[in-house]
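K.L.:
Below is one structure. I have some questions about it.
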Amino acid sequence: FGRFRCRLDVGGGEGAFLQAGAARRPRLGLKLFDLPAVAARARARLAAAGLQVEVTGGDFRTDPLPEGTDAISLVRVVHDHDDATALALLRAARRALAPGGTLILAEPMADTPGAEPIGDAYFGLYLLAMGRGRPRSAARLAGMLTEAGFVAPRLVRTRTPLLVRVLVARSPQGSPPGVNHA
């Protein structure tokens with residue numbers, strides 16, 4: 001995260017991921033977007049930790065994501081939703097992200113080499129409990145990122161690929177039609 005100026009964590013919960021990142025990169029601007037009730041808890045938690053984070057409450061299905069960041073993270077968010085909702089979220093992230101910015105998508109992924117049976121069991125139980133969502137492979141997610149307008153999606157190695165795999169993709173240098181990042 002050292003090359004970024006500001007990161008938005010979409011579906012950031014109470015801000016644990018941002019707080020951990022702030023400890024390593026104290027000058028990085030931080031924003032969090034989550035449902036209003038969750039955002040209120042995040043605002044209080046992050047303020048109590050002495051962090052200045054721009055916290056916005058909203059629903060990504062109906063509200064625009066905050067702009068002005070060169071990095072957006074989606075941590076364990078996309079697999080909770082069906083394809084149409086997940087693609088709409090990726091498109092919203094693309095619109096909000098500054099030209100040339102980076103999207104970081106981190107979550108468990110289907111078809112993780114060497115862990116297929118465990119992954120199938122995990123997704124079966126987790127998604128049954130959630131009542132929605134679907135497992136996706138890294139290849140499927142990379143295709144969705146491309147469909148949403150991102151370029152050069154690539155898988156980044158993680159220490160625990162069964163728990164989390166990371167895809168990063170860039171926003172093209174030019175703004176999409178109708179977006180002004182000035």
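By convention here, the chains of the structure tokens are called A, B, ... in the order presented, each chain's residues are numbered starting at 1, and ligands are numbered starting at 1 in the order presented.
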I'd like the neighbourhood of Arg41 in chain A as a PyMOL selection string, where a residue qualifies if any of its atoms comes within 9 Å (using only C-alpha atoms), though same-chain residues fewer than 5 positions away should be ignored.

P.N.:
chain A and resi 13-15+36+46

K.L.:
With a distance cut-off of 10 Å and only C-alpha atoms, select the neighbouring residues of Ala142 in chain A, excluding the residue or stretch itself and same-chain residues fewer than 4 positions from it, and output the selection as a list in words.

P.N.:
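Selected residues are Leu105, Arg136, Ser137, Ala138, Thr146, Glu147, Ala148, Phe150, Val151, Ala152, Pro153, Arg154, Leu155, Leu167, Val168 and Ala169 of chain A.
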
K.L.:
Could those residues be written to a file, using N, CA, C and O atoms, as a short mmCIF file (atom, residue, chain, number, x, y, z; two decimals), in the first residue's frame?

P.N.:
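Output file result_23.cif is given in full below:
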data_model
loop_
_atom_site.label_atom_id
_atom_site.label_comp_id
_atom_site.auth_asym_id
_atom_site.auth_seq_id
_atom_site.Cartn_x
_atom_site.Cartn_y
_atom_site.Cartn_z
N LEU A 105 -9.16 -7.19 -4.67
CA LEU A 105 -10.28 -8.07 -4.35
C LEU A 105 -9.70 -9.27 -3.59
O LEU A 105 -8.90 -10.02 -4.15
N ARG A 136 -16.81 -18.37 -6.71
CA ARG A 136 -16.27 -18.06 -8.03
C ARG A 136 -14.78 -18.37 -8.03
O ARG A 136 -14.08 -18.13 -7.06
N SER A 137 -14.31 -18.83 -9.15
CA SER A 137 -12.88 -19.09 -9.31
C SER A 137 -12.16 -17.78 -9.59
O SER A 137 -12.78 -16.77 -9.98
N ALA A 138 -10.85 -17.79 -9.47
CA ALA A 138 -10.05 -16.62 -9.80
C ALA A 138 -10.25 -16.25 -11.27
O ALA A 138 -10.35 -15.06 -11.61
N THR A 146 -12.71 -7.65 -15.83
CA THR A 146 -12.56 -7.16 -17.19
C THR A 146 -13.89 -6.64 -17.72
O THR A 146 -13.96 -5.55 -18.32
N GLU A 147 -14.96 -7.38 -17.49
CA GLU A 147 -16.29 -6.96 -17.93
C GLU A 147 -16.70 -5.64 -17.27
O GLU A 147 -17.40 -4.82 -17.88
N ALA A 148 -16.25 -5.40 -16.05
CA ALA A 148 -16.57 -4.16 -15.33
C ALA A 148 -15.71 -2.98 -15.78
O ALA A 148 -15.92 -1.86 -15.32
N PHE A 150 -12.11 -3.01 -15.79
CA PHE A 150 -10.74 -3.03 -15.26
C PHE A 150 -9.80 -3.67 -16.27
O PHE A 150 -10.24 -4.42 -17.14
N VAL A 151 -8.52 -3.39 -16.14
CA VAL A 151 -7.52 -3.98 -17.02
C VAL A 151 -6.48 -4.72 -16.18
O VAL A 151 -6.28 -4.43 -15.01
N ALA A 152 -5.84 -5.66 -16.84
CA ALA A 152 -4.72 -6.41 -16.28
C ALA A 152 -5.00 -7.08 -14.94
O ALA A 152 -4.19 -6.99 -14.02
N PRO A 153 -6.15 -7.79 -14.78
CA PRO A 153 -6.35 -8.49 -13.52
C PRO A 153 -5.30 -9.57 -13.34
O PRO A 153 -4.94 -10.27 -14.30
N ARG A 154 -4.78 -9.67 -12.14
CA ARG A 154 -3.78 -10.72 -11.88
C ARG A 154 -3.93 -11.23 -10.46
O ARG A 154 -4.30 -10.51 -9.54
N LEU A 155 -3.63 -12.49 -10.30
CA LEU A 155 -3.69 -13.15 -9.00
C LEU A 155 -2.39 -12.91 -8.26
O LEU A 155 -1.31 -13.07 -8.83
N LEU A 167 -6.92 -10.87 -5.97
CA LEU A 167 -6.83 -10.42 -7.36
C LEU A 167 -6.67 -8.91 -7.33
O LEU A 167 -7.34 -8.23 -6.56
N VAL A 168 -5.78 -8.39 -8.13
CA VAL A 168 -5.65 -6.94 -8.29
C VAL A 168 -5.87 -6.61 -9.76
O VAL A 168 -5.56 -7.41 -10.64
N ALA A 169 -6.46 -5.45 -9.99
CA ALA A 169 -6.71 -4.99 -11.35
C ALA A 169 -6.63 -3.47 -11.34
O ALA A 169 -6.81 -2.84 -10.31
#

K.L.:
Could you check how far CA of Ile104 in chain A sits from CA of Ile72 in chain A, in Å to one decimal?

P.N.:
6.1 Å

K.L.:
Do a neighbour search on Glu54 in chain A at 8 Å with only C-alpha atoms, toss out local chain neighbours closer than 3 positions, and write the hits as an mmCIF file with N, CA and C atoms, in the first residue's frame.

P.N.:
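Contents of selection_0.cif, freshly written:
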data_model
loop_
_atom_site.group_PDB
_atom_site.id
_atom_site.type_symbol
_atom_site.label_atom_id
_atom_site.label_comp_id
_atom_site.auth_asym_id
_atom_site.auth_seq_id
_atom_site.Cartn_x
_atom_site.Cartn_y
_atom_site.Cartn_z
ATOM 1 N N LEU A 30 -7.580 7.258 4.394
ATOM 2 C CA LEU A 30 -8.459 6.101 4.550
ATOM 3 C C LEU A 30 -9.922 6.496 4.450
ATOM 4 N N LYS A 31 -10.679 5.666 3.730
ATOM 5 C CA LYS A 31 -12.125 5.826 3.624
ATOM 6 C C LYS A 31 -12.758 4.456 3.801
ATOM 7 N N LEU A 32 -13.959 4.461 4.346
ATOM 8 C CA LEU A 32 -14.700 3.216 4.547
ATOM 9 C C LEU A 32 -16.130 3.443 4.092
#

K.L.:
One decimal, Å: what's the distance from CA of Ala86 in chain A over to CA of Met109 in chain A, could you say?

P.N.:
14.0 Å

K.L.:
What lies within 9 Å of Val10 in chain A using only C-alpha atoms, ignoring chain neighbours under 4 positions off, as an MDAnalysis selection string?

P.N.:
chainID A and resid 31:34 60 65 72:75 77 93

K.L.:
Save the residues we just selected, all heavy atoms, as a short mmCIF file (atom, residue, chain, number, x, y, z; two decimals), in the first residue's frame?

P.N.:
data_model
loop_
_atom_site.label_atom_id
_atom_site.label_comp_id
_atom_site.auth_asym_id
_atom_site.auth_seq_id
_atom_site.Cartn_x
_atom_site.Cartn_y
_atom_site.Cartn_z
N LYS A 31 -10.68 5.67 3.73
CA LYS A 31 -12.12 5.83 3.62
C LYS A 31 -12.76 4.46 3.80
O LYS A 31 -12.17 3.43 3.44
CB LYS A 31 -12.52 6.38 2.26
CG LYS A 31 -12.02 7.78 1.98
CD LYS A 31 -12.50 8.27 0.62
CE LYS A 31 -11.99 9.67 0.32
NZ LYS A 31 -12.59 10.21 -0.91
N LEU A 32 -13.96 4.46 4.35
CA LEU A 32 -14.70 3.22 4.55
C LEU A 32 -16.13 3.44 4.09
O LEU A 32 -16.71 4.50 4.34
CB LEU A 32 -14.68 2.81 6.02
CG LEU A 32 -15.35 1.48 6.36
CD1 LEU A 32 -14.54 0.75 7.41
CD2 LEU A 32 -16.77 1.69 6.85
N PHE A 33 -16.70 2.45 3.41
CA PHE A 33 -18.09 2.49 2.97
C PHE A 33 -18.75 1.20 3.39
O PHE A 33 -18.26 0.10 3.09
CB PHE A 33 -18.14 2.64 1.44
CG PHE A 33 -19.53 2.73 0.89
CD1 PHE A 33 -20.15 3.95 0.74
CD2 PHE A 33 -20.23 1.59 0.50
CE1 PHE A 33 -21.44 4.05 0.23
CE2 PHE A 33 -21.51 1.68 -0.02
CZ PHE A 33 -22.12 2.92 -0.16
N ASP A 34 -19.87 1.32 4.11
CA ASP A 34 -20.65 0.14 4.49
C ASP A 34 -22.08 0.60 4.78
O ASP A 34 -22.37 1.80 4.75
CB ASP A 34 -20.04 -0.57 5.70
CG ASP A 34 -20.30 -2.08 5.67
OD1 ASP A 34 -21.43 -2.49 5.37
OD2 ASP A 34 -19.37 -2.84 5.95
N PHE A 60 -24.25 -0.11 -1.56
CA PHE A 60 -23.61 -0.05 -2.88
C PHE A 60 -24.57 -0.40 -4.01
O PHE A 60 -24.32 -0.09 -5.16
CB PHE A 60 -22.34 -0.89 -2.96
CG PHE A 60 -22.57 -2.38 -2.87
CD1 PHE A 60 -23.02 -3.11 -3.96
CD2 PHE A 60 -22.28 -3.06 -1.70
CE1 PHE A 60 -23.21 -4.47 -3.89
CE2 PHE A 60 -22.46 -4.43 -1.62
CZ PHE A 60 -22.94 -5.14 -2.72
N LEU A 65 -20.37 4.98 -4.68
CA LEU A 65 -19.23 4.84 -3.77
C LEU A 65 -18.48 6.17 -3.72
O LEU A 65 -18.44 6.91 -4.71
CB LEU A 65 -18.30 3.74 -4.26
CG LEU A 65 -18.89 2.33 -4.35
CD1 LEU A 65 -17.86 1.35 -4.89
CD2 LEU A 65 -19.41 1.88 -3.00
N ILE A 72 -9.02 0.79 -4.07
CA ILE A 72 -10.26 0.32 -3.46
C ILE A 72 -10.07 -1.13 -3.09
O ILE A 72 -9.57 -1.92 -3.90
CB ILE A 72 -11.47 0.47 -4.41
CG1 ILE A 72 -11.77 1.95 -4.65
CG2 ILE A 72 -12.70 -0.25 -3.84
CD1 ILE A 72 -12.94 2.21 -5.60
N SER A 73 -10.44 -1.49 -1.87
CA SER A 73 -10.37 -2.89 -1.46
C SER A 73 -11.77 -3.43 -1.24
O SER A 73 -12.66 -2.74 -0.73
CB SER A 73 -9.52 -3.04 -0.19
OG SER A 73 -9.97 -2.19 0.85
N LEU A 74 -11.95 -4.67 -1.65
CA LEU A 74 -13.16 -5.45 -1.42
C LEU A 74 -12.68 -6.73 -0.73
O LEU A 74 -12.11 -7.60 -1.38
CB LEU A 74 -13.85 -5.79 -2.73
CG LEU A 74 -14.43 -4.63 -3.53
CD1 LEU A 74 -14.78 -5.08 -4.95
CD2 LEU A 74 -15.66 -4.08 -2.83
N VAL A 75 -12.90 -6.82 0.56
CA VAL A 75 -12.42 -7.96 1.34
C VAL A 75 -13.61 -8.80 1.78
O VAL A 75 -14.44 -8.34 2.58
CB VAL A 75 -11.59 -7.49 2.56
CG1 VAL A 75 -11.09 -8.68 3.36
CG2 VAL A 75 -10.43 -6.60 2.12
N VAL A 77 -16.32 -9.69 0.22
CA VAL A 77 -17.60 -9.04 -0.10
C VAL A 77 -18.26 -9.68 -1.31
O VAL A 77 -19.45 -9.99 -1.28
CB VAL A 77 -17.39 -7.51 -0.35
CG1 VAL A 77 -18.67 -6.85 -0.81
CG2 VAL A 77 -16.84 -6.83 0.90
N ALA A 93 -17.24 0.31 -8.33
CA ALA A 93 -15.86 0.53 -7.90
C ALA A 93 -15.04 1.14 -9.04
O ALA A 93 -14.25 2.06 -8.83
CB ALA A 93 -15.24 -0.78 -7.43
#

K.L.:
Between CA of Phe4 in chain A and CA of Thr69 in chain A, what is the distance in Å, rounded to a tenth?

P.N.:
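One can read the CA of Phe4 in chain A to CA of Thr69 in chain A distance as 8.4 Å.
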
K.L.:
Can you list, as a list in words, every protein, DNA or RNA residue that comes within 10 Å of Val78 in chain A when you count only C-alpha atoms, leaving out same-chain residues fewer than 5 positions away?

P.N.:
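Returned residues: Gly11, Asp83, Thr85, Ala86, Leu87, Leu89, Leu90, Leu105, Ala106, Glu107, Pro108, Gly133, Arg134, Pro135, Arg136 and Leu141 of chain A.
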
K.L.:
Rank nothing, just name the residue among A:Arg159, A:Arg91, A:Arg61, A:Arg165 nearest to Leu145 in chain A, using only C-alpha atoms.

P.N.:
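Looking only at the distances to Leu145 in chain A, the closest residue turns out to be A:Arg91.
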